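Dropping final.txt in here (compact mmCIF, C-alpha atoms):
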# COMPACT_ATOMS: atom_id res chain seq x y z
CA MET A 1 -2.87 -6.01 11.28
CA GLY A 2 -3.57 -5.91 15.02
CA ALA A 3 -7.31 -6.20 14.44
CA ILE A 4 -7.05 -9.52 12.57
CA PRO A 5 -7.71 -11.79 15.60
CA GLU A 6 -10.78 -9.75 16.58
CA VAL A 7 -12.21 -9.84 13.06
CA LEU A 8 -11.59 -13.58 12.82
CA ARG A 9 -13.54 -14.14 16.05
CA THR A 10 -16.39 -11.93 14.81
CA LEU A 11 -16.61 -14.11 11.68
CA GLY A 12 -16.67 -17.31 13.75
CA ALA A 13 -13.08 -18.44 13.09
CA ASP A 14 -10.45 -19.42 15.66
CA PRO A 15 -7.53 -16.93 15.38
CA ALA A 16 -5.04 -19.48 16.70
CA ASP A 17 -6.04 -22.06 14.07
CA VAL A 18 -6.03 -19.57 11.20
CA CYS A 19 -2.69 -18.03 12.19
CA ALA A 20 -1.16 -21.49 12.59
CA ALA A 21 -2.36 -22.41 9.11
CA ALA A 22 -0.62 -19.26 7.79
CA GLY A 23 2.57 -19.97 9.75
CA ILE A 24 2.14 -16.90 11.99
CA ASP A 25 2.54 -16.80 15.78
CA LEU A 26 -0.67 -15.36 17.27
CA GLU A 27 1.36 -13.63 20.01
CA LEU A 28 2.78 -11.24 17.39
CA PHE A 29 -0.51 -9.33 17.61
CA ASP A 30 -0.03 -8.52 21.31
CA ASP A 31 2.31 -5.60 20.52
CA PRO A 32 1.81 -3.20 17.55
CA SER A 33 5.58 -2.62 17.43
CA ASN A 34 6.24 -6.23 16.45
CA LEU A 35 7.47 -6.51 12.86
CA ILE A 36 6.14 -8.93 10.26
CA SER A 37 7.32 -9.21 6.68
CA PHE A 38 4.99 -8.03 3.93
CA ARG A 39 5.15 -11.44 2.30
CA ALA A 40 4.03 -13.14 5.54
CA ALA A 41 1.31 -10.54 6.09
CA SER A 42 -0.06 -10.94 2.58
CA HIS A 43 -0.15 -14.72 2.98
CA LEU A 44 -2.00 -14.33 6.27
CA PHE A 45 -4.63 -12.10 4.65
CA ARG A 46 -5.17 -14.70 1.92
CA VAL A 47 -5.59 -17.52 4.44
CA CYS A 48 -7.96 -15.40 6.55
CA ALA A 49 -10.16 -14.52 3.57
CA GLU A 50 -10.25 -18.16 2.45
CA ARG A 51 -10.96 -19.61 5.92
CA THR A 52 -13.76 -17.11 6.65
CA GLY A 53 -15.19 -16.97 3.13
CA CYS A 54 -15.38 -13.18 3.54
CA GLN A 55 -14.61 -11.24 0.36
CA HIS A 56 -14.18 -7.99 2.29
CA PHE A 57 -12.02 -9.32 5.15
CA GLY A 58 -9.37 -6.63 4.59
CA LEU A 59 -12.02 -3.90 4.76
CA LEU A 60 -13.22 -5.23 8.14
CA VAL A 61 -9.65 -5.22 9.49
CA GLY A 62 -9.10 -1.67 8.25
CA GLN A 63 -12.36 -0.51 9.86
CA LYS A 64 -10.91 -1.40 13.27
CA SER A 65 -7.51 0.20 12.64
CA GLY A 66 -6.27 3.76 13.01
CA LEU A 67 -3.57 5.79 14.71
CA ASN A 68 -3.31 3.33 17.61
CA SER A 69 -2.52 0.50 15.22
CA LEU A 70 0.64 2.31 14.05
CA GLY A 71 2.44 2.27 17.42
CA LEU A 72 5.15 4.96 17.72
CA LEU A 73 4.31 6.31 14.27
CA GLY A 74 0.69 6.82 15.32
CA LEU A 75 1.84 8.81 18.35
CA LEU A 76 4.16 10.93 16.20
CA MET A 77 1.21 11.76 13.96
CA LYS A 78 -1.10 12.50 16.89
CA TYR A 79 1.29 15.08 18.38
CA SER A 80 2.02 16.81 15.05
CA PRO A 81 1.18 20.50 14.62
CA ASP A 82 -1.22 19.96 11.72
CA VAL A 83 -2.72 17.30 9.46
CA GLU A 84 -0.17 17.73 6.69
CA SER A 85 2.75 17.25 9.10
CA ALA A 86 1.08 14.10 10.42
CA LEU A 87 0.58 12.67 6.94
CA ARG A 88 4.14 13.57 5.90
CA SER A 89 5.31 11.49 8.87
CA VAL A 90 3.39 8.43 7.70
CA VAL A 91 4.80 8.92 4.19
CA ARG A 92 8.31 9.15 5.63
CA TYR A 93 8.20 6.28 8.14
CA MET A 94 5.47 3.84 7.06
CA HIS A 95 8.09 1.44 5.68
CA LEU A 96 9.16 0.77 9.28
CA HIS A 97 5.66 -0.33 10.23
CA ILE A 98 5.29 -2.71 7.29
CA GLY A 99 7.49 -2.99 4.21
CA GLY A 100 6.43 -3.98 0.72
CA ALA A 101 4.28 -0.91 0.13
CA VAL A 102 4.66 2.85 0.00
CA THR A 103 2.38 5.65 1.22
CA THR A 104 2.35 8.90 -0.76
CA LEU A 105 0.68 12.30 -0.39
CA GLU A 106 0.11 14.37 -3.53
CA VAL A 107 -1.39 17.85 -3.64
CA SER A 108 -2.76 19.24 -6.90
CA GLY A 109 -4.56 22.56 -6.73
CA LYS A 110 -7.54 22.27 -4.40
CA THR A 111 -7.38 18.52 -3.98
CA ALA A 112 -5.01 16.07 -2.30
CA MET A 113 -4.57 12.32 -2.60
CA LEU A 114 -3.29 9.96 0.09
CA SER A 115 -2.39 6.64 -1.52
CA TYR A 116 -1.03 3.23 -0.56
CA GLU A 117 0.81 1.31 -3.27
CA ILE A 118 2.05 -2.27 -3.00
CA TYR A 119 5.43 -2.99 -4.61
CA GLN A 120 6.30 -6.34 -3.01
CA ALA A 121 6.80 -8.90 -5.77
CA ASP A 122 4.41 -11.88 -5.68
CA ALA A 123 2.37 -10.48 -2.79
CA GLU A 124 -0.84 -12.38 -2.09
CA ALA A 125 -4.31 -10.96 -1.40
CA THR A 126 -3.33 -7.50 -2.60
CA GLU A 127 -6.99 -6.52 -2.88
CA GLN A 128 -7.53 -7.39 0.81
CA ILE A 129 -4.44 -5.46 1.91
CA GLY A 130 -5.37 -2.47 -0.24
CA ASP A 131 -8.92 -2.38 1.15
CA GLY A 132 -7.56 -2.56 4.70
CA ALA A 133 -5.03 0.21 4.05
CA VAL A 134 -7.62 2.59 2.58
CA ALA A 135 -10.04 1.92 5.45
CA THR A 136 -7.23 2.58 7.94
CA MET A 137 -6.33 5.83 6.17
CA TYR A 138 -10.00 6.84 6.28
CA ASN A 139 -10.12 6.26 10.05
CA ILE A 140 -6.87 8.18 10.53
CA MET A 141 -8.19 11.16 8.56
CA ARG A 142 -11.33 11.19 10.70
CA GLU A 143 -9.24 11.03 13.87
CA LEU A 144 -7.17 13.98 12.64
CA CYS A 145 -9.94 16.05 11.01
CA GLY A 146 -13.03 15.12 13.00
CA SER A 147 -15.89 12.65 12.55
CA LYS A 148 -17.63 14.79 9.92
CA TRP A 149 -14.67 14.58 7.49
CA ASN A 150 -15.39 12.74 4.24
CA PRO A 151 -13.29 12.15 1.11
CA LEU A 152 -14.30 13.31 -2.33
CA GLU A 153 -13.57 9.83 -3.71
CA VAL A 154 -12.32 6.45 -2.53
CA ARG A 155 -10.13 4.61 -5.06
CA LEU A 156 -9.55 0.86 -4.93
CA ALA A 157 -7.08 -0.92 -7.20
CA HIS A 158 -9.17 -4.02 -7.90
CA ARG A 159 -12.29 -5.00 -9.76
CA GLN A 160 -15.67 -4.26 -8.23
CA PRO A 161 -16.66 -7.05 -5.82
CA ASP A 162 -19.96 -8.91 -6.06
CA ASP A 163 -21.18 -7.19 -2.90
CA VAL A 164 -20.40 -3.46 -2.81
CA ALA A 165 -22.70 -2.71 0.15
CA PRO A 166 -20.02 -3.09 2.91
CA PHE A 167 -17.83 -0.53 1.10
CA ARG A 168 -20.69 1.93 0.64
CA ARG A 169 -21.79 1.61 4.28
CA PHE A 170 -18.32 2.28 5.64
CA PHE A 171 -16.92 4.96 3.35
CA GLN A 172 -20.15 6.86 2.58
CA ALA A 173 -18.38 8.47 -0.37
CA PRO A 174 -18.12 7.88 -4.13
CA LEU A 175 -16.27 4.62 -4.86
CA ARG A 176 -14.00 4.03 -7.84
CA PHE A 177 -12.92 0.46 -8.50
CA ASP A 178 -10.32 -0.60 -11.11
CA ALA A 179 -8.29 2.45 -10.08
CA ALA A 180 -4.54 2.71 -10.64
CA GLU A 181 -3.97 3.16 -6.91
CA ASN A 182 -5.54 2.56 -3.49
CA ALA A 183 -6.27 6.10 -2.33
CA LEU A 184 -8.41 8.75 -0.70
CA VAL A 185 -9.00 11.96 -2.65
CA PHE A 186 -10.04 14.96 -0.54
CA PHE A 187 -10.01 18.76 -0.37
CA ALA A 188 -6.45 19.99 0.21
CA ASP A 189 -7.56 22.53 2.81
CA SER A 190 -7.93 19.59 5.23
CA LEU A 191 -4.13 19.53 5.36
CA ARG A 192 -3.98 22.93 7.05
CA ARG A 193 -6.13 21.83 9.98
CA PRO A 194 -4.23 22.28 13.31
CA LEU A 195 -4.17 19.31 15.69
CA PRO A 196 -5.37 19.88 19.27
CA VAL A 197 -2.62 17.98 21.15
CA ALA A 198 0.44 19.19 19.24
CA ASP A 199 3.56 18.82 21.40
CA ARG A 200 6.88 19.84 19.82
CA GLU A 201 9.15 18.28 22.46
CA LEU A 202 7.28 14.97 22.60
CA ARG A 203 7.23 14.86 18.82
CA ARG A 204 11.00 15.40 18.76
CA LEU A 205 11.55 12.52 21.19
CA LEU A 206 9.25 10.21 19.22
CA ALA A 207 11.00 11.11 15.96
CA ALA A 208 14.36 10.30 17.55
CA GLN A 209 13.07 6.86 18.62
CA ILE A 210 11.70 6.15 15.16
CA GLU A 211 14.93 7.25 13.47
CA ALA A 212 16.86 4.92 15.77
CA LEU A 213 14.61 2.08 14.62
CA GLU A 214 15.19 3.12 11.03
CA ALA A 215 18.96 2.96 11.55
CA LEU A 216 18.57 -0.51 13.02
CA HIS A 217 16.15 -1.88 10.42
CA GLY A 218 16.95 0.37 7.45
CA GLU A 219 16.24 -0.85 3.93
CA SER A 220 18.92 -1.33 1.29
CA LEU A 221 19.14 1.16 -1.57
CA PRO A 222 17.39 -1.17 -4.06
CA ASP A 223 14.53 -1.67 -1.58
CA GLN A 224 14.22 2.09 -1.04
CA ILE A 225 14.02 2.60 -4.80
CA ARG A 226 11.45 -0.18 -5.16
CA GLY A 227 9.39 1.63 -2.53
CA MET A 228 9.07 4.79 -4.60
CA LEU A 229 9.16 3.42 -8.15
CA ARG A 230 5.51 2.46 -8.40
CA THR A 231 4.33 6.00 -7.77
CA ALA A 232 7.14 7.39 -9.94
CA LEU A 233 6.16 5.14 -12.84
CA LEU A 234 2.46 5.93 -12.62
CA THR A 235 3.17 9.68 -12.49
CA GLY A 236 5.85 9.70 -15.21
CA HIS A 237 8.79 10.52 -12.90
CA ALA A 238 10.92 7.37 -13.21
CA LYS A 239 13.76 8.62 -15.44
CA ALA A 240 17.26 8.05 -14.05
CA ASP A 241 17.92 11.72 -13.26
CA GLN A 242 14.53 12.08 -11.55
CA VAL A 243 15.07 9.02 -9.35
CA ALA A 244 18.64 10.08 -8.55
CA ALA A 245 17.41 13.55 -7.54
CA LEU A 246 15.18 11.96 -4.89
CA PHE A 247 18.33 10.58 -3.27
CA SER A 248 20.30 13.81 -3.80
CA VAL A 249 22.92 12.17 -6.04
CA HIS A 250 23.90 12.25 -9.72
CA SER A 251 22.44 9.51 -11.93
CA ARG A 252 25.94 8.09 -12.50
CA THR A 253 26.47 7.83 -8.73
CA LEU A 254 23.13 6.09 -8.34
CA SER A 255 24.11 3.65 -11.11
CA ARG A 256 27.41 2.82 -9.38
CA ARG A 257 25.71 2.24 -6.04
CA LEU A 258 23.11 -0.06 -7.56
CA HIS A 259 25.84 -1.93 -9.42
CA ALA A 260 27.40 -2.71 -6.03
CA PHE A 261 24.13 -4.47 -5.13
CA GLY A 262 24.23 -6.43 -8.38
CA THR A 263 21.36 -4.62 -10.05
CA SER A 264 20.51 -1.52 -12.11
CA LEU A 265 17.75 1.07 -12.26
CA GLN A 266 16.41 -0.45 -15.49
CA GLU A 267 16.16 -3.86 -13.83
CA LEU A 268 14.26 -2.34 -10.91
CA VAL A 269 11.98 -0.43 -13.30
CA ASP A 270 11.22 -3.61 -15.29
CA GLU A 271 10.66 -5.54 -12.07
CA THR A 272 8.24 -2.87 -10.82
CA LYS A 273 6.40 -2.64 -14.15
CA PHE A 274 6.00 -6.41 -14.17
CA GLU A 275 4.61 -6.38 -10.63
CA ILE A 276 2.19 -3.52 -11.41
CA ALA A 277 1.05 -5.29 -14.58
CA ARG A 278 0.44 -8.59 -12.78
CA GLN A 279 -1.45 -6.87 -9.99
CA MET A 280 -3.70 -5.00 -12.41
CA LEU A 281 -4.29 -8.08 -14.55
CA ARG A 282 -5.13 -10.15 -11.49
CA ASP A 283 -7.14 -7.69 -9.41
CA SER A 284 -8.76 -5.27 -11.89
CA ALA A 285 -10.94 -5.47 -14.97
CA MET A 286 -8.76 -2.99 -16.90
CA GLU A 287 -8.18 -3.76 -20.57
CA VAL A 288 -4.63 -4.59 -21.65
CA GLY A 289 -4.50 -1.32 -23.59
CA GLN A 290 -5.40 0.67 -20.47
CA ILE A 291 -2.63 -1.01 -18.47
CA ALA A 292 -0.18 -0.37 -21.30
CA GLU A 293 -1.09 3.33 -21.26
CA LEU A 294 -0.68 3.58 -17.47
CA LEU A 295 2.79 2.03 -17.75
CA ASP A 296 3.73 4.47 -20.55
CA TYR A 297 3.98 1.97 -23.42
CA ALA A 298 3.33 3.11 -26.97
CA GLY A 299 0.46 0.64 -27.24
CA ALA A 300 -0.88 -2.77 -26.24
CA SER A 301 1.48 -4.59 -28.61
CA ALA A 302 4.60 -2.99 -27.09
CA PHE A 303 3.36 -3.83 -23.61
CA THR A 304 2.57 -7.41 -24.68
CA ARG A 305 6.11 -7.86 -26.02
CA ALA A 306 7.60 -6.65 -22.75
CA PHE A 307 5.25 -8.82 -20.68
CA ARG A 308 6.13 -11.88 -22.77
CA ARG A 309 9.81 -11.14 -22.20
CA TRP A 310 9.26 -11.02 -18.43
CA SER A 311 6.90 -13.96 -18.06
CA GLY A 312 7.13 -16.08 -21.22
CA THR A 313 3.43 -15.57 -21.95
CA THR A 314 0.96 -12.85 -22.98
CA PRO A 315 -0.98 -10.60 -20.58
CA ALA A 316 -4.28 -12.17 -21.66
CA ALA A 317 -2.99 -15.72 -21.12
CA TRP A 318 -1.50 -14.77 -17.74
CA ARG A 319 -4.80 -13.20 -16.63
CA ALA A 320 -6.77 -16.28 -17.67
CA GLU A 321 -4.37 -18.59 -15.81
CA SER A 322 -4.51 -16.38 -12.72
CA ARG A 323 -8.32 -16.52 -12.67
CA ARG A 324 -8.26 -20.30 -13.04
CA ASP A 325 -5.84 -20.54 -10.12
CA ASN A 326 -8.09 -18.33 -7.97
CA ARG A 327 -11.15 -20.48 -8.75
CA THR A 328 -9.17 -23.62 -7.86
CA LYS A 329 -8.06 -22.14 -4.49
CA ARG A 330 -11.66 -21.36 -3.62

Could you show the structure in this file as C-alpha cells?
Amino acid sequence: MGAIPEVLRTLGADPADVCAAAGIDLELFDDPSNLISFRAASHLFRVCAERTGCQHFGLLVGQKSGLNSLGLLGLLMKYSPDVESALRSVVRYMHLHIGGAVTTLEVSGKTAMLSYEIYQADAEATEQIGDGAVATMYNIMRELCGSKWNPLEVRLAHRQPDDVAPFRRFFQAPLRFDAAENALVFFADSLRRPLPVADRELRRLLAAQIEALEALHGESLPDQIRGMLRTALLTGHAKADQVAALFSVHSRTLSRRLHAFGTSLQELVDETKFEIARQMLRDSAMEVGQIAELLDYAGASAFTRAFRRWSGTTPAAWRAESRRDNRTKR
C-alpha cells in the first residue's frame, strides 16, 4: 500500500488527485502503521488502475513492497530465528495490517505454499490486490532467503492478462494463471533457513506490542471465521467440528457463540462460497464445472442451483453481466 503514491508518479499520475477521487487521504501513506479498511483499499486499487490505464498496477506496487511495508510485523519477521517462524508470524498477525484477506502457509512433503486469499465480500480490483500481495511475498522471501531464492511456481487467481511480460520479468519463475489461490510454491527446506539478525528479546517486545494492537483492534468471531473459511473450503476442512477445533471449542459452543452475533456457520460458509464463486467467475477463465468442483459441489447443476439461490441468476449470466460492467467502466 505504501508504494502506491510512488507508482502513481512513475506512471505520470498525480497521487493527490487519484487518492481524492478514491476518497482516501494521501497522508495515510506517510506511516505504514496507519490502518485502512480492505474495502477502501480495494476501491483505491481500482481507481488507480483505471486512472493510469495500467493492467498490472498491483504488480508494480508489490514490486516496491517488502518487510518494511509491514511496519511492526515486518520487524517481528526480520528478528525471527528462522524463515518458518517469520512466515508463521505473518500468518498469525497479517489481519492487523490489512483485513479482508488471510495469509496461509501449507507444507506438503518437500514443498510449501505461501498464499494470500481475499474473503472480503464485494471487494474491488481483486486481481490487482492479489498480484500486489504475491509480489510482496516474493520480495519478503528474497529478503529472508537471499537474492538467489526463486519459487517453483507463482499462482495467480485471475485470468491471464493480455501482456504477461511484466510478470515474467519480475518473478522469473513458472506462472500459473486461473489458479484457485494467489500463492508462491517453493521447496520446504527454505523454511529451515536461519535468519542472521535473530533477537529473542526484541522479538518478544515486538510481539507484545502487536498483541496489544490486536486486543485494541481485534476482529469479532464471525470475522475471524470468515478469515479462515476460504482456505478451509478449498482444502476440504470446513465441517463444523473442524472449524470449531481451530478455536479450541466444541461445535455446539461455536454455534451458540455465532448465534449471539445473529449468524451461523452455514450462513458464513454460504457467504464465503458465494464470494469465492463471484471472484472466480469475474477474474478467472475457469469453467463453471471447475468452480463447482473446487467448492465441493456434486456437479455444475448443483452449484448453479446454489448460485441462483444466492444471487437470483445463473453463474454464466452473472459472469456475462460482470464482463459487460467491466467494459463499461473502462

Can you tell me, as a VMD selection string, what residues are no more than 12 Å from Phe171 (chain A) when counting all atoms listed in the file, ignoring any on the same chain fewer than 5 positions away?
chain A and resid 59 to 60 62 to 63 131 134 to 139 141 to 142 148 to 156 164 to 166 176 184

From the list A:Leu205, A:Ile276, A:Val7, A:Leu265, which residue is nearest Ala49 (chain A) when using only C-alpha atoms?
A:Val7

Å distance separating CA of Ala13 (chain A) from CA of Val47 (chain A), one decimal place
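Computing the Euclidean distance for CA of Ala13 (chain A) and CA of Val47 (chain A) yields 11.5 Å.
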
Might you pull out every residue within 12 Å of Arg92 (chain A), with all atoms listed in the file counted and same-chain residues fewer than 6 positions away left off, and present them as a count of residues only?
16

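When only C-alpha atoms are used to compute distances to Met280 (chain A), the closest of the residues A:Tyr93, A:Phe187, A:Phe177, A:Phe261 turns out to be A:Phe177.
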
Which is closest to Ser42 (chain A) among A:Pro222, A:Pro161, A:Gly99, A:Gly312, if we use all atoms listed in the file?
A:Gly99

Would you kindly return, as a PyMOL selection string, each protein, DNA or RNA residue with an atom no farther than 12 Å from any atom of Glu84 (chain A), considering all atoms listed in the file and excluding same-chain residues fewer than 4 positions away?
chain A and resi 77-78+80+88-91+104-107+112-114+141+144-145+188-195

Give me, as a ChimeraX atom specification, all polymer residues having an atom no more than 7 Å from region 21-24 of chain A, counting all atoms listed in the file and skipping those fewer than 2 positions away in the same chain.
/A:17-19,26,43-44,47

Selection: 8 Å around Glu143 (chain A), all atoms listed in the file, excl. self and same-chain fewer than 4 positions, as a PDB file with C-alpha atoms, in the coordinates of the input:
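Output contents, as saved in part.pdb:
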ATOM      1  CA  GLY A  66      -6.270   3.760  13.010  1.00  0.00           C
ATOM      2  CA  LEU A  67      -3.570   5.790  14.710  1.00  0.00           C
ATOM      3  CA  ASN A 139     -10.120   6.260  10.050  1.00  0.00           C
ATOM      4  CA  SER A 147     -15.890  12.650  12.550  1.00  0.00           C
TER       5      SER A 147
END

For region 304-330 of chain A of the structure just presented, write N, CA and C atoms to a file, as a PDB file, in the first residue's frame.
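Full text of out10.pdb as output:
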ATOM      1  N   THR A 304     -24.974 -24.465  -9.742  1.00  0.00           N
ATOM      2  CA  THR A 304     -25.831 -23.459 -10.379  1.00  0.00           C
ATOM      3  C   THR A 304     -27.080 -23.195  -9.538  1.00  0.00           C
ATOM      4  N   ARG A 305     -27.652 -24.252  -8.961  1.00  0.00           N
ATOM      5  CA  ARG A 305     -28.831 -24.060  -8.102  1.00  0.00           C
ATOM      6  C   ARG A 305     -28.484 -23.216  -6.879  1.00  0.00           C
ATOM      7  N   ALA A 306     -27.347 -23.507  -6.272  1.00  0.00           N
ATOM      8  CA  ALA A 306     -26.931 -22.738  -5.094  1.00  0.00           C
ATOM      9  C   ALA A 306     -26.650 -21.286  -5.471  1.00  0.00           C
ATOM     10  N   PHE A 307     -25.982 -21.081  -6.599  1.00  0.00           N
ATOM     11  CA  PHE A 307     -25.636 -19.724  -7.028  1.00  0.00           C
ATOM     12  C   PHE A 307     -26.902 -18.923  -7.338  1.00  0.00           C
ATOM     13  N   ARG A 308     -27.884 -19.577  -7.954  1.00  0.00           N
ATOM     14  CA  ARG A 308     -29.149 -18.898  -8.247  1.00  0.00           C
ATOM     15  C   ARG A 308     -29.858 -18.523  -6.940  1.00  0.00           C
ATOM     16  N   ARG A 309     -29.753 -19.388  -5.942  1.00  0.00           N
ATOM     17  CA  ARG A 309     -30.369 -19.085  -4.647  1.00  0.00           C
ATOM     18  C   ARG A 309     -29.720 -17.857  -4.001  1.00  0.00           C
ATOM     19  N   TRP A 310     -28.409 -17.734  -4.155  1.00  0.00           N
ATOM     20  CA  TRP A 310     -27.689 -16.605  -3.560  1.00  0.00           C
ATOM     21  C   TRP A 310     -27.901 -15.309  -4.326  1.00  0.00           C
ATOM     22  N   SER A 311     -27.927 -15.396  -5.651  1.00  0.00           N
ATOM     23  CA  SER A 311     -27.865 -14.181  -6.467  1.00  0.00           C
ATOM     24  C   SER A 311     -29.115 -13.907  -7.293  1.00  0.00           C
ATOM     25  N   GLY A 312     -29.978 -14.943  -7.474  1.00  0.00           N
ATOM     26  CA  GLY A 312     -31.152 -14.771  -8.312  1.00  0.00           C
ATOM     27  C   GLY A 312     -30.871 -14.973  -9.787  1.00  0.00           C
ATOM     28  N   THR A 313     -29.637 -15.387 -10.130  1.00  0.00           N
ATOM     29  CA  THR A 313     -29.297 -15.623 -11.527  1.00  0.00           C
ATOM     30  C   THR A 313     -28.313 -16.782 -11.620  1.00  0.00           C
ATOM     31  N   THR A 314     -27.949 -17.181 -12.834  1.00  0.00           N
ATOM     32  CA  THR A 314     -27.033 -18.302 -13.027  1.00  0.00           C
ATOM     33  C   THR A 314     -25.586 -17.811 -13.041  1.00  0.00           C
ATOM     34  N   PRO A 315     -24.628 -18.713 -12.789  1.00  0.00           N
ATOM     35  CA  PRO A 315     -23.221 -18.307 -12.872  1.00  0.00           C
ATOM     36  C   PRO A 315     -22.856 -17.727 -14.243  1.00  0.00           C
ATOM     37  N   ALA A 316     -23.334 -18.349 -15.310  1.00  0.00           N
ATOM     38  CA  ALA A 316     -22.999 -17.869 -16.652  1.00  0.00           C
ATOM     39  C   ALA A 316     -23.549 -16.470 -16.888  1.00  0.00           C
ATOM     40  N   ALA A 317     -24.803 -16.230 -16.467  1.00  0.00           N
ATOM     41  CA  ALA A 317     -25.402 -14.906 -16.650  1.00  0.00           C
ATOM     42  C   ALA A 317     -24.685 -13.867 -15.785  1.00  0.00           C
ATOM     43  N   TRP A 318     -24.297 -14.252 -14.571  1.00  0.00           N
ATOM     44  CA  TRP A 318     -23.585 -13.315 -13.685  1.00  0.00           C
ATOM     45  C   TRP A 318     -22.235 -12.952 -14.281  1.00  0.00           C
ATOM     46  N   ARG A 319     -21.525 -13.953 -14.837  1.00  0.00           N
ATOM     47  CA  ARG A 319     -20.218 -13.689 -15.450  1.00  0.00           C
ATOM     48  C   ARG A 319     -20.356 -12.755 -16.655  1.00  0.00           C
ATOM     49  N   ALA A 320     -21.353 -12.987 -17.473  1.00  0.00           N
ATOM     50  CA  ALA A 320     -21.553 -12.131 -18.642  1.00  0.00           C
ATOM     51  C   ALA A 320     -21.853 -10.699 -18.229  1.00  0.00           C
ATOM     52  N   GLU A 321     -22.694 -10.527 -17.208  1.00  0.00           N
ATOM     53  CA  GLU A 321     -23.040  -9.186 -16.722  1.00  0.00           C
ATOM     54  C   GLU A 321     -21.820  -8.501 -16.119  1.00  0.00           C
ATOM     55  N   SER A 322     -21.003  -9.258 -15.393  1.00  0.00           N
ATOM     56  CA  SER A 322     -19.795  -8.699 -14.793  1.00  0.00           C
ATOM     57  C   SER A 322     -18.838  -8.199 -15.861  1.00  0.00           C
ATOM     58  N   ARG A 323     -18.682  -8.955 -16.937  1.00  0.00           N
ATOM     59  CA  ARG A 323     -17.784  -8.539 -18.025  1.00  0.00           C
ATOM     60  C   ARG A 323     -18.320  -7.302 -18.737  1.00  0.00           C
ATOM     61  N   ARG A 324     -19.638  -7.227 -18.896  1.00  0.00           N
ATOM     62  CA  ARG A 324     -20.208  -6.018 -19.503  1.00  0.00           C
ATOM     63  C   ARG A 324     -19.962  -4.806 -18.623  1.00  0.00           C
ATOM     64  N   ASP A 325     -20.117  -4.970 -17.306  1.00  0.00           N
ATOM     65  CA  ASP A 325     -19.867  -3.874 -16.380  1.00  0.00           C
ATOM     66  C   ASP A 325     -18.414  -3.410 -16.449  1.00  0.00           C
ATOM     67  N   ASN A 326     -17.481  -4.363 -16.539  1.00  0.00           N
ATOM     68  CA  ASN A 326     -16.059  -4.019 -16.607  1.00  0.00           C
ATOM     69  C   ASN A 326     -15.740  -3.251 -17.875  1.00  0.00           C
ATOM     70  N   ARG A 327     -16.352  -3.663 -19.013  1.00  0.00           N
ATOM     71  CA  ARG A 327     -16.113  -2.949 -20.270  1.00  0.00           C
ATOM     72  C   ARG A 327     -16.675  -1.528 -20.191  1.00  0.00           C
ATOM     73  N   THR A 328     -17.824  -1.387 -19.544  1.00  0.00           N
ATOM     74  CA  THR A 328     -18.443  -0.059 -19.392  1.00  0.00           C
ATOM     75  C   THR A 328     -17.553   0.864 -18.560  1.00  0.00           C
ATOM     76  N   LYS A 329     -16.975   0.321 -17.464  1.00  0.00           N
ATOM     77  CA  LYS A 329     -16.126   1.139 -16.569  1.00  0.00           C
ATOM     78  C   LYS A 329     -14.881   1.600 -17.284  1.00  0.00           C
ATOM     79  N   ARG A 330     -14.389   0.790 -18.238  1.00  0.00           N
ATOM     80  CA  ARG A 330     -13.194   1.186 -18.963  1.00  0.00           C
ATOM     81  C   ARG A 330     -13.495   2.242 -20.008  1.00  0.00           C
TER      82      ARG A 330
END
